[in-house]
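Asker: Please find one structure pasted underneath; my questions will follow.
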There are 2 protein chains.
Amino acid sequence: MKFTIAKDELLKGLLSAGHAVGTASANPTLSSFKLEMTGKGLEITSSNGDISIWTLIPEYRGENQIIRNSSLGSVLINARIVTEVAKRLSGNEVTIEIIDNAIAKIDDGKSSFKLNCMDADEYPDIDFDKNGSSFVVACDALSKLTAQTAFAASDKNRPVLGAVNFKAEAGNLTATATDSARLSRKTISVEPNLRFSANIPAKTLSDIVKMFDNVEEVEISASREKIVFSFGTTIVTSRLISEDYPVSSSIVPQVFNYYLEINSQQLLNAIDRVSILSSDKASVVKLSMTADNVEISSSSDQNGSGIEKLTTIQFTGDRLDIAFNASFVSQAVKALGCEDVTFSFVGEMRPFVIKNPEDDSVVELITPMRMR
Amino acid sequence: MKFTIAKDELLKGLLSAGHAVGTASANPTLSSFKLEMTGKGLEITSSNGDISIWTLIPEYRGENQIIRNSSLGSVLINARIVTEVAKRLSGNEVTIEIIDNAIAKIDDGKSSFKLNCMDADEYPDIDFDKNGSSFVVACDALSKLTAQTAFAASDKNRPVLGAVNFKAEAGNLTATATDSARLSRKTISVEPNLRFSANIPAKTLSDIVKMFDNVEEVEISASREKIVFSFGTTIVTSRLISEDYPVSSSIVPQVFNYYLEINSQQLLNAIDRVSILSSDKASVVKLSMTADNVEISSSSDQNGSGIEKLTTIQFTGDRLDIAFNASFVSQAVKALGCEDVTFSFVGEMRPFVIKNPEDDSVVELITPMRMR
């Protein structure tokens, strides 16, 4: 195998594939990229066991020739080293030549590297075939959905809760993530006939949306055990967590006794200030609401107390005091990403809901904490 | 004690004093600032046992009133918490009032904090008095001297090598730092009668130069056990390492057999590239020089090898191959901060010198490594 390739294109391909590189300790071949020059162009394959990536750098992109003087072949090459080399080379083009299936000579006319390689046959077979239900979604929509839900997943208590559940039925795709103390849910429209449920590891989703670069749409194919994302000249496949997702749609309360509408940024700043005092990692903040006064406060035996009156608010209901994990509420408000947010409360010790008053598609549900 | 103070001035004072805050585990009072309202203004004292800081926020800076409505008094307040509060407050002015010597009420008209305090009498007495030899140096000169020497200090093998040695005699102040594998030395002019030697912990020096803010000159008073730096309205005192500094001025060779002059940036880039291959933390790089060819290379059994030809160079001497710790040479070249650097070599296994060809005041000496 030998080829000359535009360096920036090579680096982009290596960085994309770099989202799924295993550690050498688990399986030495998985700390390598498989590079394969075929009739299509340079194919790069990577895998960390959970998620696998195939990406193609085509010979031409439009009129621009990206790869020239190529001869077919394949090799395994240390992912970290080849990426670092490509990052630091100063030339615009780089020539890669495999010698005796053991050495990759990388040369940009100024620097010359001879990297140790392995035979491509040692790489595991990876199945990138689609199966199960397929649908197409805009990359922007999947990125936003991920940003609004994945942060609430945590596999600390149960592996399945480390996933975001995608459930399609009746023309809706609902993504749900929870660590059992809070829940984030977002619904988008899909084809009416689509029907499946899949638990996608939150890290997989976050990695994939980082790889979207100049692509409009992604095709998703989900079966019970695996999911395949195809976009541009890249395919990503991930294992799924094949367990029933333990959260039903009825967990979100529908009837409330108190409503608070408040400016998001003012609330975030106030939470940031009063939560300084907490000596724990999970700082507890209290919201005290009456019709004409809303205050946010926090106290710690060790450090003291802080209180702040919130303005530009509207509160409906009787007096209510409620305490919560400051960073859960901050993350939820940031995920909504809107100017004002509404809080809907049932009562002091019942989960409450935070929403964008102008967008019903996202629900952030948070369990209160016991008041000190 | 009660006063109203411009918030930015308060924060600046707290951040300055924050360079010397102890951990609560070592001594609870040292994790506090001592705040003292006196006739001069607000005095803030901090100490971590090794280095102690006194800084004054005056009542007026020129025509600007910084502190108003003040009543005298003093208190100890948790350094981290009060700094975090001051950082996050949104108002321009903040009022601090000590209640019952136990609570500091901090209020900017919007947020209100009540922080637990301790009695100022519990704070240790700290001696900020000057003694020993005193001299004045420009802050810029001390900052540059620190940046060019302190990185080479390391207390890993011997405590005294964690210090930068300042030695004044015959109108010169020479700063020397070494970790025993490399040495950095810088000389500046001082008053001809000044004569002392002091081992200043490298971290003390780095902390102090970070505190220079709109000040021109610093007065330094050094005795054998302690050193005092006075600048603006701040005094910093640090313990010294009262041991003879084990490096004589004759350690730097004076007669060389090989000279290399090279562009600094080109050398740094080439070292950065070829040192990728090293799997160790200390990557070894080899320089191979003849009259018409200078190459830099590196190799690792595990990863392979890399080589690069250097241009825009001038080499005088016979053929020479020399290997060195890549980051030692990179740090030295960066510390010199000049367009071209000269390397002067005695021989393959003898320490070599890197200099700015246009400035004799800085010497960077590096011991080579054994060639693989």
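How things are named: the first chain in the structure tokens is A, the next is B, and so on; residues count from 1 in each chain; ligands count from 1 in the order shown.
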For a quick test of understanding: name the residues of chain B lying within 8 Å of chain A when counting only C-alpha atoms, and present them as an mmCIF file with C-alpha atoms, in the first residue's frame.
Answerer:
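File written: part.cif
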```cif
data_model
loop_
_atom_site.group_PDB
_atom_site.id
_atom_site.type_symbol
_atom_site.label_atom_id
_atom_site.label_comp_id
_atom_site.auth_asym_id
_atom_site.auth_seq_id
_atom_site.Cartn_x
_atom_site.Cartn_y
_atom_site.Cartn_z
ATOM 1 C CA ASN B 78 -12.243 31.444 55.478
ATOM 2 C CA ILE B 81 -15.199 31.079 50.746
ATOM 3 C CA GLU B 84 -15.539 32.825 45.936
ATOM 4 C CA VAL B 85 -18.208 35.150 47.324
ATOM 5 C CA ARG B 88 -19.472 36.013 42.182
ATOM 6 C CA LEU B 89 -21.101 39.131 43.665
ATOM 7 C CA LYS B 110 -28.722 41.950 46.223
ATOM 8 C CA SER B 111 -27.082 38.909 47.771
ATOM 9 C CA SER B 112 -26.482 38.590 51.487
ATOM 10 C CA PHE B 113 -24.025 36.171 53.070
ATOM 11 C CA LYS B 114 -23.354 35.411 56.725
ATOM 12 C CA LEU B 115 -19.985 33.694 56.925
ATOM 13 C CA ASN B 116 -18.636 32.030 60.052
ATOM 14 C CA ASP B 272 8.080 18.443 19.186
ATOM 15 C CA ARG B 273 7.579 16.219 16.139
ATOM 16 C CA ILE B 276 6.146 11.930 19.672
ATOM 17 C CA LEU B 277 7.636 8.476 19.341
ATOM 18 C CA GLN B 302 7.865 0.014 20.445
ATOM 19 C CA ASN B 303 6.752 2.742 18.062
ATOM 20 C CA GLY B 304 9.414 3.249 15.392
ATOM 21 C CA SER B 305 11.609 6.166 14.419
ATOM 22 C CA GLY B 306 11.457 9.714 13.087
ATOM 23 C CA ILE B 307 14.072 11.960 11.515
ATOM 24 C CA GLU B 308 14.125 15.525 10.285
ATOM 25 C CA LYS B 309 16.779 17.581 8.539
#
```
Asker: Would you list, as a list in words, the residues of segment 242-284 of chain A that end up in strand (DSSP E or B) under DSSP run on this structure's backbone?
Answerer: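 Selecting the strand (DSSP E or B) positions of segment 242-284 of chain A gives Tyr258, Tyr259, Leu260, Glu261, Ile262, Asn263 and Val284 of chain A.
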Asker: Pick from B:Asn257, B:Ser47, B:Ser288, B:Thr316: nearest to Ala20 of chain B, with only C-alpha atoms counted?
Answerer: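 For Ala20 of chain B, the nearest of the given residues is B:Ser47.
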Asker: Could you pull out the alpha helix (DSSP H) residues of segment 280-367 of chain B from DSSP and send them as a list in words?
Answerer: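 Alpha helix (DSSP H) assignments inside segment 280-367 of chain B correspond to Ala326, Ser327, Phe328, Val329, Ser330, Gln331, Ala332, Val333, Lys334, Ala335 and Leu336 of chain B.
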Asker: I need the residues from that last selection saved to file as a CSV table (one decimal), in the first residue's frame (with N, CA and C atoms), if you can.
Answerer:
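Below is the file that was written, result-v7.csv:
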```csv
chain,number,residue,atom,x,y,z
B,326,ALA,N,14.4,15.8,25.5
B,326,ALA,CA,13.8,16.7,24.6
B,326,ALA,C,13.2,17.9,25.4
B,327,SER,N,12.5,17.6,26.5
B,327,SER,CA,11.8,18.8,27.1
B,327,SER,C,12.8,19.7,27.9
B,328,PHE,N,14.0,19.2,28.3
B,328,PHE,CA,15.0,20.0,28.9
B,328,PHE,C,15.5,21.1,27.9
B,329,VAL,N,15.7,20.6,26.6
B,329,VAL,CA,16.2,21.5,25.6
B,329,VAL,C,15.1,22.5,25.2
B,330,SER,N,13.9,22.0,25.0
B,330,SER,CA,12.8,22.8,24.6
B,330,SER,C,12.5,23.9,25.7
B,331,GLN,N,12.5,23.6,27.0
B,331,GLN,CA,12.3,24.6,28.0
B,331,GLN,C,13.4,25.6,28.0
B,332,ALA,N,14.7,25.1,27.8
B,332,ALA,CA,15.8,26.1,27.8
B,332,ALA,C,15.7,27.1,26.7
B,333,VAL,N,15.3,26.5,25.5
B,333,VAL,CA,15.3,27.4,24.3
B,333,VAL,C,14.1,28.4,24.5
B,334,LYS,N,13.0,27.9,25.0
B,334,LYS,CA,11.8,28.8,25.3
B,334,LYS,C,12.2,29.9,26.3
B,335,ALA,N,13.0,29.5,27.3
B,335,ALA,CA,13.3,30.5,28.4
B,335,ALA,C,14.2,31.6,27.8
B,336,LEU,N,15.1,31.2,26.8
B,336,LEU,CA,16.0,32.2,26.2
B,336,LEU,C,15.1,33.2,25.4
```
Asker: If we count only C-alpha atoms and set the cut-off at 7 Å, which residues sit around Glu217 of chain B, ignoring sequence neighbours fewer than 2 positions away in its own chain? Please answer as an NGL selection string.
Answerer: :B and (136-139 or 215 or 219 or 231)
Asker: Near Phe166 of chain B, counting only C-alpha atoms, which residues have an atom at most 8 Å away, once you skip same-chain residues fewer than 6 positions from it, shown as a PyMOL selection string?
Answerer: chain B and resi 173-176+196-200
Asker: Show me, as a list in words, the residues that have an atom within 6 Å of Ile354 of chain A when counting only C-alpha atoms, minus same-chain residues fewer than 5 positions from it.
Answerer: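 Final neighbour list, sorted by chain and number: Thr342, Phe343 and Glu364 of chain A.
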Asker: Quick one: residues within 12 Å of Leu56 of chain A, only C-alpha atoms counted, chain neighbours fewer than 3 positions away excluded, as a PyMOL selection string?
Answerer: chain A and resi 9-10+12-14+16-17+34-46+53+59-61+66-67+230-236
Asker: Might you pull out every residue within 9 Å of segment 225-227 of chain B, with only C-alpha atoms counted and same-chain residues fewer than 2 positions away left off, and present them as a PDB file with C-alpha atoms, in the first residue's frame?
Answerer:
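Output saved as result31.pdb:
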```
ATOM      1  CA  LYS B 130      13.113  43.588  56.757  1.00  0.00           C
ATOM      2  CA  ASN B 131      16.615  42.546  57.822  1.00  0.00           C
ATOM      3  CA  GLY B 132      19.870  41.617  56.090  1.00  0.00           C
ATOM      4  CA  ALA B 198      20.179  33.142  49.545  1.00  0.00           C
ATOM      5  CA  ILE B 200      14.756  31.141  47.558  1.00  0.00           C
ATOM      6  CA  ILE B 220      14.272  42.677  48.372  1.00  0.00           C
ATOM      7  CA  SER B 221      15.779  42.174  51.854  1.00  0.00           C
ATOM      8  CA  ALA B 222      17.568  38.882  52.376  1.00  0.00           C
ATOM      9  CA  SER B 223      19.127  37.367  55.446  1.00  0.00           C
ATOM     10  CA  PHE B 229       9.792  41.372  49.078  1.00  0.00           C
ATOM     11  CA  VAL B 236       5.732  39.016  51.007  1.00  0.00           C
ATOM     12  CA  THR B 237       8.067  37.095  53.271  1.00  0.00           C
ATOM     13  CA  SER B 238       9.353  33.599  52.625  1.00  0.00           C
ATOM     14  CA  ARG B 239      11.549  31.149  54.460  1.00  0.00           C
ATOM     15  CA  LEU B 240      14.881  30.435  52.761  1.00  0.00           C
ATOM     16  CA  ILE B 241      16.691  27.140  52.546  1.00  0.00           C
ATOM     17  CA  SER B 242      19.626  27.814  54.843  1.00  0.00           C
TER      18      SER B 242
END
```
Asker: So, counting only C-alpha atoms, which residue among A:Asn172, A:Asn293, A:Asn92, A:Gln266 is closest to Leu194 of chain A?
Answerer: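 Of A:Asn172, A:Asn293, A:Asn92, A:Gln266, the one nearest Leu194 of chain A is A:Asn172, counting only C-alpha atoms.
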Asker: Could you jot down the atom CA of Arg319 of chain A to atom CA of Ser180 of chain A separation for me, Å, one decimal place?
Answerer: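 It comes out at 27.5 Å.
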